[in-house]
Structure formats: structure tokens, C-alpha cells
$ cat input_6.txt   # compact mmCIF, C-alpha atoms
# COMPACT_ATOMS: atom_id res chain seq x y z
CA ASN A 1 161.39 68.62 31.76
CA ALA A 2 157.67 69.51 31.53
CA GLY A 3 156.71 67.88 28.19
CA VAL A 4 152.95 68.21 27.60
CA THR A 5 151.06 70.06 30.33
CA GLN A 6 147.28 70.02 30.67
CA THR A 7 145.07 72.11 32.94
CA PRO A 8 142.82 71.69 34.81
CA LYS A 9 143.23 68.15 36.13
CA PHE A 10 139.54 67.84 37.08
CA ARG A 11 136.44 69.85 36.26
CA ILE A 12 132.71 69.54 36.83
CA LEU A 13 130.42 71.45 34.46
CA LYS A 14 126.69 71.96 34.34
CA ILE A 15 124.84 71.20 31.12
CA GLY A 16 125.13 74.16 28.74
CA GLN A 17 128.21 75.69 30.36
CA SER A 18 131.35 76.32 28.36
CA MET A 19 135.00 75.85 29.20
CA THR A 20 138.46 75.66 27.67
CA LEU A 21 140.87 72.82 28.33
CA GLN A 22 144.42 74.12 28.16
CA CYS A 23 147.36 72.28 26.63
CA THR A 24 150.92 73.48 26.21
CA GLN A 25 154.10 71.67 25.17
CA ASP A 26 157.71 72.77 25.50
CA MET A 27 159.27 70.30 23.06
CA ASN A 28 158.80 72.46 19.94
CA HIS A 29 156.65 69.75 18.34
CA ASN A 30 154.73 70.76 15.24
CA TYR A 31 151.95 68.20 15.63
CA MET A 32 149.41 68.34 18.44
CA TYR A 33 146.29 66.31 19.16
CA TRP A 34 143.25 66.10 21.40
CA TYR A 35 141.84 62.70 22.36
CA ARG A 36 139.00 61.62 24.57
CA GLN A 37 139.06 58.39 26.53
CA ASP A 38 135.83 56.69 27.51
CA PRO A 39 135.84 53.52 29.67
CA GLY A 40 136.57 50.42 27.60
CA MET A 41 136.64 52.46 24.39
CA GLY A 42 140.28 53.38 23.92
CA LEU A 43 141.29 56.80 22.64
CA LYS A 44 139.29 58.71 20.04
CA LEU A 45 140.83 61.61 18.12
CA ILE A 46 138.85 64.86 18.44
CA TYR A 47 141.02 67.42 16.60
CA TYR A 48 144.62 67.73 15.53
CA SER A 49 147.00 70.38 14.29
CA VAL A 50 150.03 70.11 11.99
CA GLY A 51 151.37 73.52 12.94
CA ALA A 52 150.48 77.01 14.14
CA GLY A 53 147.38 78.27 12.36
CA ILE A 54 146.37 74.86 10.97
CA THR A 55 143.79 72.55 12.54
CA ASP A 56 141.68 69.66 11.30
CA LYS A 57 138.88 67.41 12.52
CA GLY A 58 139.51 63.95 13.86
CA GLU A 59 137.07 61.11 14.39
CA VAL A 60 134.75 62.77 16.97
CA PRO A 61 134.88 66.59 16.53
CA ASN A 62 131.21 67.47 17.15
CA GLY A 63 130.70 69.76 20.13
CA TYR A 64 134.32 70.92 20.24
CA ASN A 65 136.49 73.66 18.77
CA VAL A 66 140.23 74.23 18.72
CA SER A 67 142.73 76.90 17.80
CA ARG A 68 146.50 76.90 17.33
CA SER A 69 147.90 80.41 17.47
CA THR A 70 151.36 79.29 18.64
CA THR A 71 153.48 76.15 18.33
CA GLU A 72 153.28 75.62 22.08
CA ASP A 73 149.55 75.93 22.80
CA PHE A 74 146.54 73.95 21.59
CA PRO A 75 143.41 74.71 23.65
CA LEU A 76 140.19 72.69 23.30
CA ARG A 77 136.90 74.56 23.68
CA LEU A 78 133.54 73.12 24.73
CA GLU A 79 130.82 75.66 23.98
CA LEU A 80 127.64 73.98 25.26
CA ALA A 81 128.60 71.13 27.53
CA ALA A 82 126.50 67.97 27.31
CA PRO A 83 126.51 64.81 29.46
CA SER A 84 127.92 62.88 26.47
CA GLN A 85 131.10 64.94 26.83
CA THR A 86 131.84 63.44 30.23
CA SER A 87 135.20 61.81 29.60
CA VAL A 88 138.93 62.01 30.21
CA TYR A 89 140.64 64.31 27.72
CA PHE A 90 144.25 63.89 26.65
CA CYS A 91 146.42 66.31 24.74
CA ALA A 92 149.41 64.91 22.86
CA SER A 93 152.21 66.12 20.64
CA SER A 94 154.67 64.57 18.20
CA THR A 95 157.57 65.52 15.95
CA GLN A 96 156.37 63.57 12.94
CA GLN A 97 153.24 62.21 11.30
CA GLY A 98 152.69 58.95 9.52
CA VAL A 99 154.53 55.73 10.29
CA ASN A 100 157.12 57.46 12.49
CA GLU A 101 154.50 59.28 14.54
CA LYS A 102 155.14 58.77 18.28
CA LEU A 103 152.82 60.60 20.61
CA PHE A 104 153.78 62.21 23.91
CA PHE A 105 150.71 62.61 26.13
CA GLY A 106 149.77 64.98 28.90
CA SER A 107 148.37 63.63 32.17
CA GLY A 108 144.75 64.29 31.20
CA THR A 109 141.72 66.32 32.26
CA GLN A 110 138.82 64.47 33.85
CA LEU A 111 135.60 66.26 32.91
CA SER A 112 132.13 65.54 34.27
CA VAL A 113 129.04 67.22 32.82
CA LEU A 114 126.04 67.02 35.12
CA GLY B 1 136.25 53.60 11.38
CA GLN B 2 138.99 51.05 11.66
CA GLN B 3 139.06 48.97 14.78
CA LEU B 4 141.80 47.37 16.74
CA ASN B 5 140.58 44.62 19.01
CA GLN B 6 142.63 43.97 22.12
CA SER B 7 142.46 40.76 24.08
CA PRO B 8 141.95 40.16 26.89
CA GLN B 9 140.07 43.25 28.10
CA SER B 10 141.35 42.66 31.63
CA MET B 11 143.79 40.38 33.41
CA PHE B 12 144.20 39.47 37.06
CA ILE B 13 147.52 37.76 37.76
CA GLN B 14 149.92 36.97 40.58
CA GLU B 15 153.16 38.85 40.95
CA GLY B 16 155.93 37.02 39.12
CA GLU B 17 153.71 35.57 36.41
CA ASP B 18 154.26 36.19 32.72
CA VAL B 19 151.65 38.17 30.78
CA SER B 20 150.56 37.91 27.16
CA MET B 21 148.15 40.17 25.32
CA ASN B 22 147.37 40.80 21.68
CA CYS B 23 145.86 43.23 19.26
CA THR B 24 144.12 42.23 16.02
CA SER B 25 142.54 43.92 13.06
CA SER B 26 140.82 42.97 9.83
CA SER B 27 143.07 45.50 8.05
CA ILE B 28 146.80 45.59 7.36
CA PHE B 29 148.84 48.05 9.42
CA ASN B 30 152.25 49.56 8.63
CA THR B 31 153.24 50.37 12.21
CA TRP B 32 152.29 48.94 15.58
CA LEU B 33 152.85 50.81 18.83
CA TRP B 34 152.32 49.70 22.42
CA TYR B 35 151.53 52.25 25.15
CA LYS B 36 151.07 51.90 28.90
CA GLN B 37 148.80 54.14 30.97
CA ASP B 38 149.40 54.38 34.71
CA PRO B 39 146.41 55.31 36.87
CA GLY B 40 145.71 59.04 36.61
CA GLU B 41 148.32 59.61 33.91
CA GLY B 42 148.53 59.78 30.13
CA PRO B 43 149.77 56.87 27.99
CA VAL B 44 153.52 56.43 27.59
CA LEU B 45 155.11 54.74 24.59
CA LEU B 46 156.71 51.37 25.40
CA ILE B 47 157.63 49.83 22.05
CA ALA B 48 157.31 50.74 18.36
CA LEU B 49 157.32 48.11 15.57
CA TYR B 50 157.84 48.91 11.89
CA LYS B 51 158.28 45.63 10.00
CA ALA B 52 156.29 42.41 9.67
CA GLY B 53 157.86 39.75 11.88
CA GLU B 54 159.85 42.29 13.91
CA LEU B 55 160.48 41.31 17.52
CA THR B 56 161.54 44.13 19.88
CA SER B 57 162.29 44.14 23.60
CA ASN B 58 162.27 46.86 26.23
CA GLY B 59 163.49 45.35 29.50
CA ARG B 60 160.98 42.68 30.54
CA LEU B 61 158.63 43.65 27.73
CA THR B 62 158.72 42.03 24.29
CA ALA B 63 156.46 42.93 21.39
CA GLN B 64 156.06 41.41 17.94
CA PHE B 65 154.69 42.71 14.64
CA GLY B 66 152.60 39.85 13.25
CA ILE B 67 153.59 38.25 9.94
CA THR B 68 150.19 38.97 8.41
CA ARG B 69 150.53 42.66 9.46
CA LYS B 70 147.06 42.37 10.98
CA ASP B 71 148.12 41.70 14.55
CA SER B 72 150.68 42.41 17.26
CA PHE B 73 151.56 40.81 20.57
CA LEU B 74 152.96 42.10 23.85
CA ASN B 75 154.53 39.90 26.51
CA ILE B 76 155.65 40.90 29.98
CA SER B 77 157.91 38.52 31.84
CA ALA B 78 158.07 38.11 35.63
CA SER B 79 155.45 40.77 36.39
CA ILE B 80 155.99 43.23 39.24
CA PRO B 81 153.52 45.57 40.98
CA SER B 82 154.51 48.61 38.90
CA ASP B 83 153.33 46.78 35.75
CA VAL B 84 149.75 47.55 36.82
CA GLY B 85 147.92 49.78 34.36
CA ILE B 86 146.17 49.80 31.01
CA TYR B 87 148.08 48.67 27.94
CA PHE B 88 147.03 50.10 24.58
CA CYS B 89 148.00 48.98 21.14
CA ALA B 90 147.92 51.51 18.32
CA GLY B 91 148.57 51.27 14.61
CA HIS B 92 149.10 53.24 11.43
CA ARG B 93 147.56 52.51 8.06
CA GLY B 94 149.15 54.59 5.33
CA ALA B 95 148.53 58.31 5.76
CA GLN B 96 145.65 57.86 8.17
CA LYS B 97 145.80 58.92 11.79
CA LEU B 98 146.88 56.60 14.57
CA VAL B 99 144.16 54.13 15.64
CA PHE B 100 144.00 52.85 19.23
CA GLY B 101 142.70 49.61 20.67
CA GLN B 102 140.35 49.65 23.64
CA GLY B 103 143.05 48.62 26.10
CA THR B 104 143.93 45.68 28.34
CA ARG B 105 143.69 46.43 32.06
CA LEU B 106 146.33 44.56 34.08
CA THR B 107 145.87 43.96 37.80
CA ILE B 108 148.53 42.21 39.89
CA ASN B 109 147.91 40.47 43.17
CA PRO B 110 150.99 40.63 45.42
$ encode --input "input_6.txt" --output "C-alpha cells"
Amino acid sequence: NAGVTQTPKFRILKIGQSMTLQCTQDMNHNYMYWYRQDPGMGLKLIYYSVGAGITDKGEVPNGYNVSRSTTEDFPLRLELAAPSQTSVYFCASSTQQGVNEKLFFGSGTQLSVL
Amino acid sequence: GQQLNQSPQSMFIQEGEDVSMNCTSSSIFNTWLWYKQDPGEGPVLLIALYKAGELTSNGRLTAQFGITRKDSFLNISASIPSDVGIYFCAGHRGAQKLVFGQGTRLTINP
């Protein structure tokens, strides 16, 4: 009963380094999302996908890239890490969009950029 | 972007006390959702509300969709230690993506 799985759990990057945050779900959900959580700021949508091969920008996409080659996987790429990208990142998936959208979240990746 | 304002930002209570928190907006929402985040974990959906005035319970938790459609409330009765965490409200406006509040952090003194 894995649900949404994120790796790694923690990561420290130096400024300018790149990395990929992995996300996979085994619920056959079409919709997948990446959020970042900053202290006292709630969750901000970075990118989302409505199905394999289709991605779109959310509220805070700058500095990130995504791809969706399969239904299961939705990796988030940071190309040139900056201190402003220090945050906790959550991947989520859902079966529907709109008013019936209910998100299932992974356990998060805590990223520090120093 | 749209904002959901949660109040209070943090709460420190004694075990056994009842808890009330709310979420307000200047805009009308079609759906209100309440999530709970345990330390080190992702948020988990507690309650979903779809109609103005709707009152829904999940065990000791009760949530209401405000009549004006601009607010929602969450109550927890007889709090226990495992209620500790951050509670987020979230809402839908039309076809737009889900918007989250900034969270209410609940701490319980045994």
C-alpha cells in the first residue's frame, strides 16, 4: 500500500548544483503535482500534470522543470540550486481535478541549499 | 494570487480541551478541504465540504462550510496527544487549482 513515494527524504545542495527529486505513485492517478512548503506559508504549487506527456506551470515554477513520461512517475528537476529553493517539497496525486479533487501526498523531501 | 487566511496560526492547549480554528477568504469558494500534517509527513485529507452550510464529522473532528462560502471552520473535541500537527484548509474556486491556507500549528500539553 505504497501510495505516493518520494526520494530522497533529505538533501543538502551547494549553490549552483543540480538534482532531481523523484516521485512515483502506484494508484494509477492521472493527476500529479509538486508543491513546496515554506514555514508559515502553506503549500505553493510548482508544477502539475494531467497525464503522461502533459505538464503545466503552477504558481511558483521559476527555477524548476518537470517531465511526465509515465503515469506513475513525475520527477522535479532543479538545474541551478539557489538558497531561495531551500524548502520542503511535496509530491501529490489525485484521480480528479476541480471541485472533486482530493490530493494524496508523499512524505516530502527536505532540501537545503547552502 | 488568492489567499486563504487561517486563524489562529498556532495553538497551545491542554489534553482534553476542545479546539476551534477557521479559514477565511475575500473570495467565494466552491469546495473546502481540511488536511492534517503530522511532523515529518505529508498532509492527509480529513474532511471535504461541497455545499454552503454543510456540516461534516470525522470522529472527533467536525467541519463546516460557511454560509457566505467565504469561510470554513474545523473543531476538534476532547483533544488527545495524536492530534498534534499542522492543520491546513484548502479551497477550490471554479476551474482554478487548489489554494492552501498557511496552516494552524496545534501543540498539546499532556
$ closest_atom_pairs --input "input_6.txt" --of "chain B" --to "chain A" --cutoff "6 Å" --atoms "all atoms listed in the file" --output "tab-separated table"
residue	atom	partner	partner_atom	distance
B:Thr31	CA	A:Val99	CA	5.8
B:Glu41	CA	A:Ser107	CA	4.4
B:Gly42	CA	A:Ser107	CA	4.4
B:Ala95	CA	A:Gly98	CA	5.6
B:Phe100	CA	A:Leu43	CA	5.9
B:Gly101	CA	A:Gly42	CA	5.5
B:Gln102	CA	A:Gly42	CA	3.7
B:Gly103	CA	A:Gly42	CA	5.9
$ closest_residue --input "input_6.txt" --among "A:Pro83, A:Gly3, A:Pro8, A:Pro61" --to "Trp34 in chain A" --atoms "all atoms listed in the file"
A:Pro61
$ residues_around --input "input_6.txt" --residues "Ile86 in chain B" --least-positions-apart "5" --cutoff "8 Å" --atoms "all atoms listed in the file" --output "VMD selection string"
chain B and resid 36 to 38 103 to 106
$ write_last_selection --input "input_6.txt" --atoms "C-alpha atoms" --output "PDB file, in the coordinates of the input"
ATOM      1  CA  LYS B  36     151.070  51.900  28.900  1.00  0.00           C
ATOM      2  CA  GLN B  37     148.800  54.140  30.970  1.00  0.00           C
ATOM      3  CA  ASP B  38     149.400  54.380  34.710  1.00  0.00           C
ATOM      4  CA  GLY B 103     143.050  48.620  26.100  1.00  0.00           C
ATOM      5  CA  THR B 104     143.930  45.680  28.340  1.00  0.00           C
ATOM      6  CA  ARG B 105     143.690  46.430  32.060  1.00  0.00           C
ATOM      7  CA  LEU B 106     146.330  44.560  34.080  1.00  0.00           C
TER       8      LEU B 106
END
$ atom_distance --input "input_6.txt" --atom1 "CA of Ala48 in chain B" --atom2 "CA of Arg60 in chain B"
15.1 Å
$ atom_distance --input "input_6.txt" --atom1 "CA of Tyr50 in chain B" --atom2 "CA of Ser93 in chain A"
20.1 Å
$ atom_distance --input "input_6.txt" --atom1 "CA of Thr107 in chain B" --atom2 "CA of Gly66 in chain B"
25.8 Å
$ residues_around --input "input_6.txt" --residues "Ile67 in chain B" --least-positions-apart "6" --cutoff "12 Å" --atoms "all atoms listed in the file" --output "list of chain:residue names"
B:Thr24, B:Ile28, B:Phe29, B:Asn30, B:Leu49, B:Tyr50, B:Lys51, B:Ala52, B:Gly53, B:Glu54, B:Leu55, B:Phe73
$ closest_residue --input "input_6.txt" --among "B:Ile108, B:Leu33, B:Ile47, B:Leu74" --to "Ser7 in chain B" --atoms "all atoms listed in the file"
B:Leu74
$ residues_around --input "input_6.txt" --residues "Ser69 in chain A" --least-positions-apart "4" --cutoff "8 Å" --atoms "only C-alpha atoms" --output "MDAnalysis selection string"
chainID A and resid 52:53 73:74
$ decode --input "input_6.txt" --residues "range 58-89 of chain B" --atoms "C-alpha atoms" --output "mmCIF file, in the first residue's frame"
data_model
loop_
_atom_site.group_PDB
_atom_site.id
_atom_site.type_symbol
_atom_site.label_atom_id
_atom_site.label_comp_id
_atom_site.auth_asym_id
_atom_site.auth_seq_id
_atom_site.Cartn_x
_atom_site.Cartn_y
_atom_site.Cartn_z
ATOM 1 C CA ASN B 58 -14.996 12.553 11.047
ATOM 2 C CA GLY B 59 -14.746 11.044 14.531
ATOM 3 C CA ARG B 60 -13.938 13.871 16.955
ATOM 4 C CA LEU B 61 -13.483 16.323 14.100
ATOM 5 C CA THR B 62 -16.306 18.477 12.733
ATOM 6 C CA ALA B 63 -16.001 20.936 9.870
ATOM 7 C CA GLN B 64 -18.455 23.417 8.406
ATOM 8 C CA PHE B 65 -18.731 25.149 5.032
ATOM 9 C CA GLY B 66 -19.652 28.754 5.856
ATOM 10 C CA ILE B 67 -22.971 30.153 4.635
ATOM 11 C CA THR B 68 -21.252 33.010 2.805
ATOM 12 C CA ARG B 69 -18.967 30.468 1.047
ATOM 13 C CA LYS B 70 -16.030 32.624 2.115
ATOM 14 C CA ASP B 71 -15.075 30.694 5.215
ATOM 15 C CA SER B 72 -14.843 27.285 6.857
ATOM 16 C CA PHE B 73 -14.394 26.063 10.409
ATOM 17 C CA LEU B 74 -12.795 23.000 11.984
ATOM 18 C CA ASN B 75 -13.485 21.829 15.524
ATOM 19 C CA ILE B 76 -11.741 19.047 17.418
ATOM 20 C CA SER B 77 -13.412 17.769 20.554
ATOM 21 C CA ALA B 78 -11.612 16.303 23.579
ATOM 22 C CA SER B 79 -8.105 16.646 22.125
ATOM 23 C CA ILE B 80 -5.584 13.828 22.523
ATOM 24 C CA PRO B 81 -1.791 13.818 22.001
ATOM 25 C CA SER B 82 -2.014 12.384 18.471
ATOM 26 C CA ASP B 83 -3.963 15.492 17.373
ATOM 27 C CA VAL B 84 -0.648 17.392 17.379
ATOM 28 C CA GLY B 85 0.319 18.666 13.940
ATOM 29 C CA ILE B 86 -0.402 21.360 11.392
ATOM 30 C CA TYR B 87 -3.944 21.730 10.078
ATOM 31 C CA PHE B 88 -4.391 23.193 6.606
ATOM 32 C CA CYS B 89 -7.521 24.421 4.953
#
